[in-house]
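Structure record follows, encoded as structure tokens.
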Amino acid sequence: MEQNQSEIFNLSVTPSLRNNMFTIVTWAKLCAICGFVSGGLSLISGIKGDNLFGTLISTAIGVFLNILLLNFATKLSVALNTNDEGTLVESFSNLRRYYLITGILMIIVSVIIVIALVALFAFAATR
Amino acid sequence: MEQQENMSLFELNIDGTTATQLNATGKWAKFCAITIWSMIGILFLILVFFSSKLIDLMYKFMPMNQSDAFSSAFSGSAKMLVIIAFSIIFGLVAAYYGLVYKFGSNLVKATNDQDQNALEKAFNSYKTFLIITGIITILGVVISLFSILK
């Protein structure tokens, strides 16, 4: 039992890892904030243009992903400053969701690209 | 010795729940990187083997006067240059996602084998990835700001 516990706590946030994590916090926050600004800008150009529906969907997905990234960074910063393991779990839970949603989106985009390519070559063959 | 023990008391530990989250994060990050690499591979093969067919297809969608200019621009060595330029871009994107793959695989290794060194490597790769992403995002914002103000 004791051996099991020592196995679980074998990994820790060492000073060098802590420094890397603080850099990650800074850049993740910056990426998320820039993502929000970029979303706002694409919304403005979407309103001006004719593809408002597509812009709204892509902006909504982008904003949601950036919220997860910002939550990850904010909670990681709190966890590092307070040594709170609960907040560290919440932080990495946000990062897991971020990559889970990105992965699912990538599957969808890959399928769309493959279908578009097949359609393109079928169209080219008929001409 | 006692000081070291005191320090470890105040150290942030990665418990079973955190390790589970990190493991899942690593698996999805690896999946994302592999998907991107596959797409780059497919696009590269299309670029190399079907570039002539794609350019022919582009002619059909273009007005007559633009089609002539396009045809002369893409003849011979210019077509080769486009393939080389795209290959460089694909290579850079593949290397960029290589950092995500390293992050993911090291994270999975760290949580499965309780490997502290792999954990350090994982977050080092992720740090580099986020710095590059941050710079690209800032450039993107500046470019789209200019295009809106224009």
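Starting from 1 in every chain, residues are counted up; chains themselves are A, B, ... following the order of the structure tokens, and ligands are numbered from 1 as listed.
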> Please, which residues of chain A lie no more than 8 Å from chain B when the count uses only C-alpha atoms, and can they be set out as a PyMOL selection string?
Replying inline: chain A and resi 7-14+16-17+20-21+23-24+27-28+30-31+34-35+37-38+41-42+45+80+83-85+88-89+92-93+95-97+99-100+102-103+106-107+110+124
